[in-house]
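One file, entry.txt, is given below (compact mmCIF, C-alpha atoms).
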```txt
# COMPACT_ATOMS: atom_id res chain seq x y z
CA MET A 1 42.30 -2.17 -40.54
CA GLY A 2 39.68 -0.46 -38.37
CA GLU A 3 38.93 3.21 -38.01
CA ARG A 4 41.70 5.37 -36.57
CA ILE A 5 40.81 6.98 -33.24
CA ILE A 6 43.47 8.83 -31.26
CA GLY A 7 43.22 9.13 -27.50
CA ILE A 8 44.70 12.13 -25.71
CA MET A 9 45.24 12.10 -21.96
CA GLY A 10 46.34 15.12 -19.95
CA ALA A 11 47.64 15.26 -16.42
CA MET A 12 46.00 18.60 -15.62
CA HIS A 13 42.54 20.03 -16.29
CA GLU A 14 44.02 23.17 -17.82
CA GLU A 15 45.97 21.19 -20.39
CA ILE A 16 42.89 19.23 -21.40
CA ASN A 17 40.79 22.39 -21.63
CA SER A 18 43.31 23.98 -23.98
CA ILE A 19 43.26 20.92 -26.26
CA LEU A 20 39.46 21.00 -26.39
CA HIS A 21 39.73 24.31 -28.27
CA LEU A 22 41.18 22.31 -31.17
CA MET A 23 38.22 19.92 -31.35
CA THR A 24 35.06 20.11 -33.42
CA GLY A 25 31.82 18.22 -32.94
CA ILE A 26 32.49 17.68 -29.24
CA GLU A 27 30.32 15.31 -27.26
CA GLU A 28 30.75 14.66 -23.54
CA ILE A 29 30.45 11.16 -22.10
CA SER A 30 30.61 10.60 -18.33
CA PHE A 31 32.03 7.24 -17.33
CA GLY A 32 33.87 6.02 -14.25
CA ARG A 33 33.89 9.49 -12.65
CA ARG A 34 35.61 10.96 -15.69
CA THR A 35 34.42 13.06 -18.58
CA TYR A 36 35.51 11.87 -22.02
CA TYR A 37 35.30 14.35 -24.88
CA THR A 38 34.81 12.83 -28.33
CA GLY A 39 35.13 14.78 -31.56
CA THR A 40 37.67 15.49 -34.27
CA ILE A 41 40.95 17.35 -34.51
CA ASN A 42 42.05 18.10 -38.06
CA THR A 43 39.40 15.59 -39.27
CA ILE A 44 40.89 12.80 -37.10
CA LYS A 45 38.54 11.15 -34.62
CA THR A 46 39.80 11.92 -31.14
CA VAL A 47 38.90 11.23 -27.51
CA VAL A 48 40.29 13.59 -24.87
CA VAL A 49 40.24 13.00 -21.12
CA PHE A 50 41.81 14.19 -17.86
CA SER A 51 43.76 11.23 -16.52
CA ARG A 52 43.65 12.14 -12.83
CA TRP A 53 46.84 11.71 -10.83
CA GLY A 54 48.76 8.56 -10.02
CA LYS A 55 49.38 5.22 -11.66
CA VAL A 56 46.09 3.54 -10.81
CA ALA A 57 43.97 6.48 -11.97
CA ALA A 58 45.91 6.80 -15.21
CA ALA A 59 45.82 3.05 -15.91
CA THR A 60 42.07 3.00 -15.33
CA THR A 61 41.57 5.91 -17.70
CA VAL A 62 43.61 4.51 -20.57
CA THR A 63 41.93 1.11 -20.17
CA SER A 64 38.57 2.81 -20.68
CA LEU A 65 39.90 4.65 -23.72
CA ILE A 66 40.97 1.33 -25.23
CA THR A 67 38.04 -0.91 -24.30
CA ARG A 68 35.11 1.51 -24.38
CA PHE A 69 36.19 4.18 -26.87
CA ASN A 70 38.26 1.90 -29.13
CA ILE A 71 41.27 4.17 -29.51
CA THR A 72 43.97 2.91 -31.85
CA SER A 73 46.81 5.07 -30.47
CA LEU A 74 47.46 7.36 -27.53
CA ILE A 75 49.21 10.62 -26.72
CA PHE A 76 49.80 11.51 -23.08
CA ILE A 77 50.87 15.08 -22.27
CA GLY A 78 51.64 16.74 -18.97
CA VAL A 79 54.34 18.18 -16.72
CA ALA A 80 57.23 16.48 -14.95
CA GLY A 81 60.06 17.24 -12.56
CA ALA A 82 63.60 17.12 -13.89
CA ILE A 83 66.00 14.52 -12.52
CA ASN A 84 68.76 15.02 -15.07
CA THR A 85 70.57 18.30 -14.33
CA GLU A 86 70.72 19.15 -18.05
CA LEU A 87 66.98 19.86 -18.11
CA LYS A 88 65.58 23.36 -17.59
CA ILE A 89 62.08 24.66 -16.95
CA GLY A 90 60.17 24.73 -20.25
CA ASP A 91 62.14 21.91 -21.87
CA VAL A 92 60.14 18.95 -23.19
CA VAL A 93 61.00 15.27 -22.75
CA ILE A 94 59.65 12.66 -25.16
CA ALA A 95 59.77 9.20 -23.60
CA ASP A 96 61.58 6.63 -25.68
CA ARG A 97 61.03 4.30 -22.73
CA LEU A 98 59.38 4.41 -19.31
CA ILE A 99 60.00 2.65 -16.01
CA GLN A 100 57.99 2.33 -12.79
CA HIS A 101 60.51 3.46 -10.21
CA ASP A 102 58.41 2.20 -7.29
CA MET A 103 57.95 -1.36 -8.58
CA ASP A 104 59.97 -3.70 -6.38
CA ALA A 105 59.04 -7.40 -6.13
CA ARG A 106 62.44 -8.58 -4.93
CA PRO A 107 63.49 -11.31 -4.26
CA LEU A 108 60.90 -12.85 -6.57
CA MET A 109 62.23 -10.89 -9.54
CA PRO A 110 64.64 -8.03 -10.23
CA GLN A 111 63.81 -4.56 -8.95
CA HIS A 112 61.60 -2.55 -11.34
CA GLU A 113 60.60 -5.60 -13.39
CA ILE A 114 56.82 -5.86 -13.89
CA PRO A 115 55.49 -9.13 -12.41
CA LEU A 116 54.42 -11.75 -14.98
CA LEU A 117 55.44 -9.59 -17.94
CA GLY A 118 59.20 -9.86 -17.56
CA VAL A 119 59.46 -6.25 -18.71
CA THR A 120 61.26 -3.39 -16.97
CA TYR A 121 61.09 -0.65 -19.61
CA PHE A 122 58.14 0.12 -21.87
CA GLU A 123 59.08 1.68 -25.20
CA GLY A 124 57.19 4.49 -26.90
CA ASP A 125 56.12 4.16 -30.52
CA ARG A 126 58.97 5.17 -32.84
CA ASP A 127 56.75 6.86 -35.41
CA TYR A 128 54.98 8.93 -32.78
CA ILE A 129 58.31 9.82 -31.18
CA ALA A 130 59.63 11.05 -34.53
CA ILE A 131 56.51 13.14 -35.18
CA ALA A 132 56.61 14.59 -31.67
CA LYS A 133 60.32 15.42 -31.99
CA LYS A 134 59.81 17.19 -35.30
CA THR A 135 56.81 19.07 -33.95
CA ILE A 136 58.36 20.22 -30.69
CA ASP A 137 61.66 21.17 -32.31
CA ALA A 138 59.68 23.57 -34.49
CA ILE A 139 57.74 25.31 -31.73
CA ILE A 140 60.13 25.75 -28.79
CA GLY A 141 63.32 27.76 -28.44
CA ASP A 142 62.77 31.25 -29.85
CA HIS A 143 59.45 30.15 -31.33
CA ILE A 144 57.72 30.12 -27.95
CA TYR A 145 57.40 33.90 -28.19
CA SER A 146 54.59 33.23 -30.67
CA PHE A 147 52.38 31.56 -28.06
CA ILE A 148 53.78 32.43 -24.60
CA GLU A 149 53.57 35.98 -23.27
CA GLU A 150 56.99 37.65 -23.06
CA HIS A 151 56.60 38.47 -19.37
CA GLU A 152 55.85 34.80 -18.67
CA ILE A 153 58.96 33.77 -20.61
CA GLU A 154 61.02 36.11 -18.45
CA ARG A 155 59.25 35.11 -15.26
CA PHE A 156 59.83 31.37 -15.74
CA LEU A 157 63.23 31.80 -17.48
CA LEU A 158 62.04 30.02 -20.61
CA ARG A 159 65.13 30.83 -22.62
CA ASN A 160 66.77 28.41 -25.05
CA THR A 161 64.19 25.72 -24.35
CA ARG A 162 64.92 22.34 -25.93
CA VAL A 163 63.38 18.95 -26.61
CA PHE A 164 64.96 15.74 -25.34
CA THR A 165 64.26 12.07 -25.94
CA GLY A 166 64.97 9.74 -23.06
CA THR A 167 63.79 7.61 -20.17
CA ILE A 168 60.95 8.81 -17.93
CA ALA A 169 60.29 7.31 -14.51
CA SER A 170 56.81 7.09 -12.97
CA GLY A 171 55.58 6.27 -9.50
CA ASP A 172 53.08 7.16 -6.82
CA LYS A 173 55.28 9.76 -5.17
CA PHE A 174 55.57 13.50 -5.68
CA PHE A 175 59.24 14.49 -5.70
CA ALA A 176 59.47 17.86 -3.98
CA ASP A 177 62.55 17.16 -1.85
CA GLN A 178 65.99 17.54 -3.40
CA ALA A 179 67.39 14.58 -1.48
CA ASP A 180 64.65 12.35 -2.91
CA LYS A 181 65.52 13.48 -6.44
CA GLU A 182 69.20 12.73 -5.88
CA GLN A 183 68.39 9.31 -4.45
CA LEU A 184 66.25 8.45 -7.48
CA HIS A 185 68.95 9.67 -9.85
CA ALA A 186 71.51 7.50 -8.08
CA ALA A 187 69.26 4.45 -8.38
CA LEU A 188 68.29 5.12 -12.01
CA PRO A 189 71.00 7.33 -13.53
CA ASP A 190 69.63 7.15 -17.08
CA ILE A 191 66.26 8.79 -16.35
CA ARG A 192 65.61 12.36 -17.41
CA CYS A 193 62.50 13.24 -15.42
CA VAL A 194 59.90 11.86 -13.04
CA GLU A 195 56.10 11.97 -12.93
CA MET A 196 53.18 9.89 -11.64
CA GLU A 197 51.37 8.33 -14.62
CA GLY A 198 53.32 7.65 -17.80
CA ALA A 199 54.79 4.20 -17.15
CA ALA A 200 51.45 2.86 -15.95
CA VAL A 201 49.81 4.14 -19.13
CA ALA A 202 52.67 2.58 -21.09
CA GLN A 203 52.12 -0.80 -19.44
CA VAL A 204 48.43 -0.83 -20.36
CA CYS A 205 49.22 0.18 -23.94
CA TYR A 206 51.88 -2.55 -24.10
CA GLU A 207 49.42 -5.19 -22.94
CA TYR A 208 46.73 -4.06 -25.42
CA GLU A 209 49.29 -3.45 -28.23
CA ILE A 210 48.37 0.23 -28.59
CA PRO A 211 51.10 2.57 -29.93
CA PHE A 212 51.67 5.54 -27.66
CA ALA A 213 53.74 8.63 -26.94
CA VAL A 214 54.34 10.26 -23.55
CA LEU A 215 55.35 13.92 -23.65
CA ARG A 216 56.39 15.83 -20.54
CA ILE A 217 56.97 19.55 -20.06
CA ILE A 218 59.55 20.30 -17.36
CA SER A 219 58.03 22.38 -14.56
CA ASP A 220 60.93 22.26 -12.09
CA GLU A 221 64.63 21.64 -12.36
CA SER A 222 66.77 19.09 -10.54
CA ASN A 223 67.98 21.53 -7.90
CA GLU A 224 66.69 23.26 -4.81
CA HIS A 225 66.48 26.67 -6.46
CA SER A 226 63.76 26.04 -9.02
CA SER A 227 60.64 26.87 -7.01
CA ILE A 228 57.90 28.34 -9.21
CA ASP A 229 54.25 29.28 -8.97
CA PHE A 230 53.00 25.90 -10.15
CA PRO A 231 49.33 26.83 -10.83
CA ASP A 232 50.46 29.82 -12.88
CA PHE A 233 52.93 27.67 -14.80
CA ILE A 234 50.15 25.25 -15.71
CA LYS A 235 47.79 28.06 -16.72
CA ASN A 236 50.21 30.27 -18.63
CA VAL A 237 52.85 27.88 -19.94
CA SER A 238 52.17 24.14 -19.99
CA SER A 239 48.55 24.44 -21.17
CA LYS A 240 49.75 26.57 -24.10
CA TYR A 241 52.51 24.08 -24.84
CA ALA A 242 49.90 21.32 -24.88
CA TYR A 243 47.71 23.22 -27.34
CA GLU A 244 50.58 23.96 -29.74
CA ILE A 245 52.11 20.48 -29.54
CA ILE A 246 48.83 18.70 -30.25
CA ARG A 247 47.80 21.17 -32.96
CA ASN A 248 51.06 20.71 -34.83
CA MET A 249 51.31 16.95 -34.28
CA PHE A 250 47.84 16.43 -35.74
CA ALA A 251 48.91 18.30 -38.86
CA LEU A 252 51.47 15.51 -39.40
CA LEU A 253 49.44 12.47 -38.35
```
Written as structure tokens, that's how I'd like the structure from this file.
Amino acid sequence: MGERIIGIMGAMHEEINSILHLMTGIEEISFGRRTYYTGTINTIKTVVVFSRWGKVAAATTVTSLITRFNITSLIFIGVAGAINTELKIGDVVIADRLIQHDMDARPLMPQHEIPLLGVTYFEGDRDYIAIAKKTIDAIIGDHIYSFIEEHEIERFLLRNTRVFTGTIASGDKFFADQADKEQLHAALPDIRCVEMEGAAVAQVCYEYEIPFAVLRIISDESNEHSSIDFPDFIKNVSSKYAYEIIRNMFALL
């Protein structure tokens, strides 16, 4: 077996910057209009990179991680919008499977099936899911007071936060309209949240046989009353979640 190298992709610059504080021996490598940071976290060789937004950008980034930086597993962390009404701001969803909600090659094949692969859902790695679940269970809920300022907890209503495992949908569309969320939920009732990168990353990992985990922090609820200051949420909440999740996961890897 070759050397273990873990790739970490983040959907926002702030989340990546927080994770870099965990790394030692950092070197920067510019490639394909991205900056890859190599180093170690808890003695484990790691490559960290900002994915950019959307399926193509994320797929390009993870392909470079695999083919140029030789990662052996991947963790993707970022924010997502809730589709399931059970989710609240500050909850975390771990993908047990992912689907591309905008893939539609009918009548050649069923809706959402990936052409030539015969796959509709891509499954996350069970071991990584278990480690992520154990980690996040231990740091959210009342424990977030240890790393999120109390006034931010009150401001964003981060009370009784929980971790969920379930289906995440990805596509090249930002869901800001409530009617769009309801339409997606009607079409795919089993999904918990929606974002723009995870299922594309999952497809690349599937094709290269790379184990992966996709972790999403809920930044808005599935209703029309959940408007927040998104930049402040990224700066003061999700970036701190990312730091704590990665720090504690690497203690178990």
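The nearest approach to Ile94 of chain A among the residues A:Lys133, A:Arg52, A:Arg33, A:His185, with all atoms listed in the file taken into account, belongs to A:Lys133.
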Practice item. Find the residues near segment 10-22 of chain A: any atom within 9 Å, counting all atoms listed in the file, skip ones fewer than 5 places away on the same chain, and give them as a ChimeraX atom specification. Key: /A:37,40-42,48-53,58,75-79,197,234-235,238-244,246-247
Please produce a file of the residues just selected, as a PDB file, in the frame of the given file, where the atoms kept are C-alpha atoms.
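File out-v4.pdb, as written:
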```pdb
ATOM      1  CA  TYR A  37      35.300  14.350 -24.880  1.00  0.00           C
ATOM      2  CA  THR A  40      37.670  15.490 -34.270  1.00  0.00           C
ATOM      3  CA  ILE A  41      40.950  17.350 -34.510  1.00  0.00           C
ATOM      4  CA  ASN A  42      42.050  18.100 -38.060  1.00  0.00           C
ATOM      5  CA  VAL A  48      40.290  13.590 -24.870  1.00  0.00           C
ATOM      6  CA  VAL A  49      40.240  13.000 -21.120  1.00  0.00           C
ATOM      7  CA  PHE A  50      41.810  14.190 -17.860  1.00  0.00           C
ATOM      8  CA  SER A  51      43.760  11.230 -16.520  1.00  0.00           C
ATOM      9  CA  ARG A  52      43.650  12.140 -12.830  1.00  0.00           C
ATOM     10  CA  TRP A  53      46.840  11.710 -10.830  1.00  0.00           C
ATOM     11  CA  ALA A  58      45.910   6.800 -15.210  1.00  0.00           C
ATOM     12  CA  ILE A  75      49.210  10.620 -26.720  1.00  0.00           C
ATOM     13  CA  PHE A  76      49.800  11.510 -23.080  1.00  0.00           C
ATOM     14  CA  ILE A  77      50.870  15.080 -22.270  1.00  0.00           C
ATOM     15  CA  GLY A  78      51.640  16.740 -18.970  1.00  0.00           C
ATOM     16  CA  VAL A  79      54.340  18.180 -16.720  1.00  0.00           C
ATOM     17  CA  GLU A 197      51.370   8.330 -14.620  1.00  0.00           C
ATOM     18  CA  ILE A 234      50.150  25.250 -15.710  1.00  0.00           C
ATOM     19  CA  LYS A 235      47.790  28.060 -16.720  1.00  0.00           C
ATOM     20  CA  SER A 238      52.170  24.140 -19.990  1.00  0.00           C
ATOM     21  CA  SER A 239      48.550  24.440 -21.170  1.00  0.00           C
ATOM     22  CA  LYS A 240      49.750  26.570 -24.100  1.00  0.00           C
ATOM     23  CA  TYR A 241      52.510  24.080 -24.840  1.00  0.00           C
ATOM     24  CA  ALA A 242      49.900  21.320 -24.880  1.00  0.00           C
ATOM     25  CA  TYR A 243      47.710  23.220 -27.340  1.00  0.00           C
ATOM     26  CA  GLU A 244      50.580  23.960 -29.740  1.00  0.00           C
ATOM     27  CA  ILE A 246      48.830  18.700 -30.250  1.00  0.00           C
ATOM     28  CA  ARG A 247      47.800  21.170 -32.960  1.00  0.00           C
TER      29      ARG A 247
END
```
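Taking atom CA of Ala202 of chain A and atom CA of Asn84 of chain A as the two end points, the separation is 21.2 Å.
Atom to atom, atom CA of His101 of chain A and atom CA of Leu117 of chain A stand 16.0 Å apart.
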Review point. Between A:Arg34, A:Lys45, A:Arg4, A:Lys88, which one has atoms that come closest to Phe156 of chain A, using only C-alpha atoms?
Key: A:Lys88
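Closest approach to Gln203 of chain A among A:Asp104, A:Asp96, A:Glu27, A:Glu123: A:Glu123, based on only C-alpha atoms.
Distances to Ile44 of chain A were evaluated for A:Ile5, A:Leu184, A:Ile26, A:Ala80 using all atoms listed in the file, and the minimum falls at A:Ile5.
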Review point. Counting all atoms listed in the file, which residues come within 12 Å of (59.6, 10.7, -28.7), with the point read in the file's coordinates, and could you list them as number ranges by chain?
Key: A: 75-77, 92-98, 123-137, 163-168, 211-216, 249
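In this model, the gap between atom CA of Tyr145 of chain A and atom CA of Glu221 of chain A comes to 21.3 Å.
Of the listed residues A:Val56, A:Val237, A:Met109, A:Ile29, the one whose atoms come nearest to Glu150 of chain A is A:Val237, with distances taken using all atoms listed in the file.
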Nearby residues (only C-alpha atoms) at most 6 Å from Cys193 of chain A, same-chain spacing under 4 positions excluded, as an mmCIF file with C-alpha atoms, keeping the file's coordinate frame:
```
data_model
loop_
_atom_site.group_PDB
_atom_site.id
_atom_site.type_symbol
_atom_site.label_atom_id
_atom_site.label_comp_id
_atom_site.auth_asym_id
_atom_site.auth_seq_id
_atom_site.Cartn_x
_atom_site.Cartn_y
_atom_site.Cartn_z
ATOM 1 C CA GLY A 81 60.060 17.240 -12.560
ATOM 2 C CA ALA A 82 63.600 17.120 -13.890
ATOM 3 C CA ILE A 83 66.000 14.520 -12.520
ATOM 4 C CA ILE A 168 60.950 8.810 -17.930
#
```
Please return segment 178-189 of chain A, rebuilt to all heavy atoms, as a PDB file, in the coordinates of the input.
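Result file follows (part_1.pdb):
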```pdb
ATOM      1  N   GLN A 178      64.789  17.715  -2.600  1.00  0.00           N
ATOM      2  CA  GLN A 178      65.990  17.540  -3.400  1.00  0.00           C
ATOM      3  C   GLN A 178      66.698  16.231  -3.100  1.00  0.00           C
ATOM      4  O   GLN A 178      67.208  15.558  -3.995  1.00  0.00           O
ATOM      5  CB  GLN A 178      66.938  18.720  -3.171  1.00  0.00           C
ATOM      6  CG  GLN A 178      68.231  18.662  -3.967  1.00  0.00           C
ATOM      7  CD  GLN A 178      68.014  18.693  -5.472  1.00  0.00           C
ATOM      8  OE1 GLN A 178      66.968  19.131  -5.938  1.00  0.00           O
ATOM      9  NE2 GLN A 178      69.001  18.239  -6.227  1.00  0.00           N
ATOM     10  N   ALA A 179      66.721  15.836  -1.847  1.00  0.00           N
ATOM     11  CA  ALA A 179      67.390  14.580  -1.480  1.00  0.00           C
ATOM     12  C   ALA A 179      66.709  13.391  -2.132  1.00  0.00           C
ATOM     13  O   ALA A 179      67.378  12.434  -2.555  1.00  0.00           O
ATOM     14  CB  ALA A 179      67.386  14.423   0.043  1.00  0.00           C
ATOM     15  N   ASP A 180      65.377  13.438  -2.248  1.00  0.00           N
ATOM     16  CA  ASP A 180      64.650  12.350  -2.910  1.00  0.00           C
ATOM     17  C   ASP A 180      65.016  12.279  -4.389  1.00  0.00           C
ATOM     18  O   ASP A 180      65.160  11.192  -4.962  1.00  0.00           O
ATOM     19  CB  ASP A 180      63.141  12.553  -2.756  1.00  0.00           C
ATOM     20  CG  ASP A 180      62.660  12.272  -1.343  1.00  0.00           C
ATOM     21  OD1 ASP A 180      63.395  11.621  -0.584  1.00  0.00           O
ATOM     22  OD2 ASP A 180      61.538  12.693  -1.009  1.00  0.00           O
ATOM     23  N   LYS A 181      65.139  13.447  -5.028  1.00  0.00           N
ATOM     24  CA  LYS A 181      65.520  13.480  -6.440  1.00  0.00           C
ATOM     25  C   LYS A 181      66.912  12.874  -6.633  1.00  0.00           C
ATOM     26  O   LYS A 181      67.147  12.083  -7.555  1.00  0.00           O
ATOM     27  CB  LYS A 181      65.495  14.905  -6.974  1.00  0.00           C
ATOM     28  CG  LYS A 181      64.122  15.525  -7.084  1.00  0.00           C
ATOM     29  CD  LYS A 181      64.213  16.918  -7.678  1.00  0.00           C
ATOM     30  CE  LYS A 181      62.851  17.557  -7.838  1.00  0.00           C
ATOM     31  NZ  LYS A 181      62.931  18.913  -8.425  1.00  0.00           N
ATOM     32  N   GLU A 182      67.832  13.240  -5.757  1.00  0.00           N
ATOM     33  CA  GLU A 182      69.200  12.730  -5.880  1.00  0.00           C
ATOM     34  C   GLU A 182      69.256  11.226  -5.639  1.00  0.00           C
ATOM     35  O   GLU A 182      69.999  10.507  -6.308  1.00  0.00           O
ATOM     36  CB  GLU A 182      70.101  13.472  -4.890  1.00  0.00           C
ATOM     37  CG  GLU A 182      70.298  14.941  -5.256  1.00  0.00           C
ATOM     38  CD  GLU A 182      71.059  15.715  -4.197  1.00  0.00           C
ATOM     39  OE1 GLU A 182      71.387  15.124  -3.147  1.00  0.00           O
ATOM     40  OE2 GLU A 182      71.324  16.913  -4.426  1.00  0.00           O
ATOM     41  N   GLN A 183      68.436  10.751  -4.715  1.00  0.00           N
ATOM     42  CA  GLN A 183      68.390   9.310  -4.450  1.00  0.00           C
ATOM     43  C   GLN A 183      67.851   8.555  -5.660  1.00  0.00           C
ATOM     44  O   GLN A 183      68.376   7.482  -6.030  1.00  0.00           O
ATOM     45  CB  GLN A 183      67.531   9.043  -3.221  1.00  0.00           C
ATOM     46  CG  GLN A 183      67.499   7.586  -2.798  1.00  0.00           C
ATOM     47  CD  GLN A 183      66.681   7.366  -1.533  1.00  0.00           C
ATOM     48  OE1 GLN A 183      65.974   8.244  -1.068  1.00  0.00           O
ATOM     49  NE2 GLN A 183      66.753   6.166  -0.988  1.00  0.00           N
ATOM     50  N   LEU A 184      66.803   9.096  -6.296  1.00  0.00           N
ATOM     51  CA  LEU A 184      66.250   8.450  -7.480  1.00  0.00           C
ATOM     52  C   LEU A 184      67.253   8.458  -8.617  1.00  0.00           C
ATOM     53  O   LEU A 184      67.407   7.455  -9.333  1.00  0.00           O
ATOM     54  CB  LEU A 184      64.956   9.158  -7.900  1.00  0.00           C
ATOM     55  CG  LEU A 184      64.264   8.598  -9.142  1.00  0.00           C
ATOM     56  CD1 LEU A 184      63.828   7.150  -8.916  1.00  0.00           C
ATOM     57  CD2 LEU A 184      63.059   9.454  -9.534  1.00  0.00           C
ATOM     58  N   HIS A 185      67.951   9.578  -8.788  1.00  0.00           N
ATOM     59  CA  HIS A 185      68.950   9.670  -9.850  1.00  0.00           C
ATOM     60  C   HIS A 185      70.080   8.678  -9.634  1.00  0.00           C
ATOM     61  O   HIS A 185      70.590   8.070 -10.587  1.00  0.00           O
ATOM     62  CB  HIS A 185      69.497  11.096  -9.933  1.00  0.00           C
ATOM     63  CG  HIS A 185      70.282  11.367 -11.179  1.00  0.00           C
ATOM     64  ND1 HIS A 185      71.273  12.304 -11.254  1.00  0.00           N
ATOM     65  CD2 HIS A 185      70.216  10.799 -12.415  1.00  0.00           C
ATOM     66  CE1 HIS A 185      71.790  12.319 -12.466  1.00  0.00           C
ATOM     67  NE2 HIS A 185      71.171  11.415 -13.193  1.00  0.00           N
ATOM     68  N   ALA A 186      70.457   8.468  -8.382  1.00  0.00           N
ATOM     69  CA  ALA A 186      71.510   7.500  -8.080  1.00  0.00           C
ATOM     70  C   ALA A 186      71.061   6.077  -8.391  1.00  0.00           C
ATOM     71  O   ALA A 186      71.842   5.254  -8.874  1.00  0.00           O
ATOM     72  CB  ALA A 186      71.919   7.623  -6.614  1.00  0.00           C
ATOM     73  N   ALA A 187      69.786   5.790  -8.134  1.00  0.00           N
ATOM     74  CA  ALA A 187      69.260   4.450  -8.380  1.00  0.00           C
ATOM     75  C   ALA A 187      69.021   4.196  -9.870  1.00  0.00           C
ATOM     76  O   ALA A 187      69.214   3.069 -10.348  1.00  0.00           O
ATOM     77  CB  ALA A 187      67.951   4.259  -7.612  1.00  0.00           C
ATOM     78  N   LEU A 188      68.602   5.241 -10.588  1.00  0.00           N
ATOM     79  CA  LEU A 188      68.290   5.120 -12.010  1.00  0.00           C
ATOM     80  C   LEU A 188      68.962   6.270 -12.765  1.00  0.00           C
ATOM     81  O   LEU A 188      68.314   7.251 -13.158  1.00  0.00           O
ATOM     82  CB  LEU A 188      66.770   5.143 -12.237  1.00  0.00           C
ATOM     83  CG  LEU A 188      65.988   3.961 -11.650  1.00  0.00           C
ATOM     84  CD1 LEU A 188      64.493   4.274 -11.640  1.00  0.00           C
ATOM     85  CD2 LEU A 188      66.260   2.694 -12.453  1.00  0.00           C
ATOM     86  N   PRO A 189      70.257   6.195 -12.977  1.00  0.00           N
ATOM     87  CA  PRO A 189      71.000   7.330 -13.530  1.00  0.00           C
ATOM     88  C   PRO A 189      70.638   7.718 -14.954  1.00  0.00           C
ATOM     89  O   PRO A 189      70.990   8.816 -15.398  1.00  0.00           O
ATOM     90  CB  PRO A 189      72.464   6.877 -13.433  1.00  0.00           C
ATOM     91  CG  PRO A 189      72.408   5.394 -13.337  1.00  0.00           C
ATOM     92  CD  PRO A 189      71.142   5.071 -12.612  1.00  0.00           C
TER      93      PRO A 189
END
```
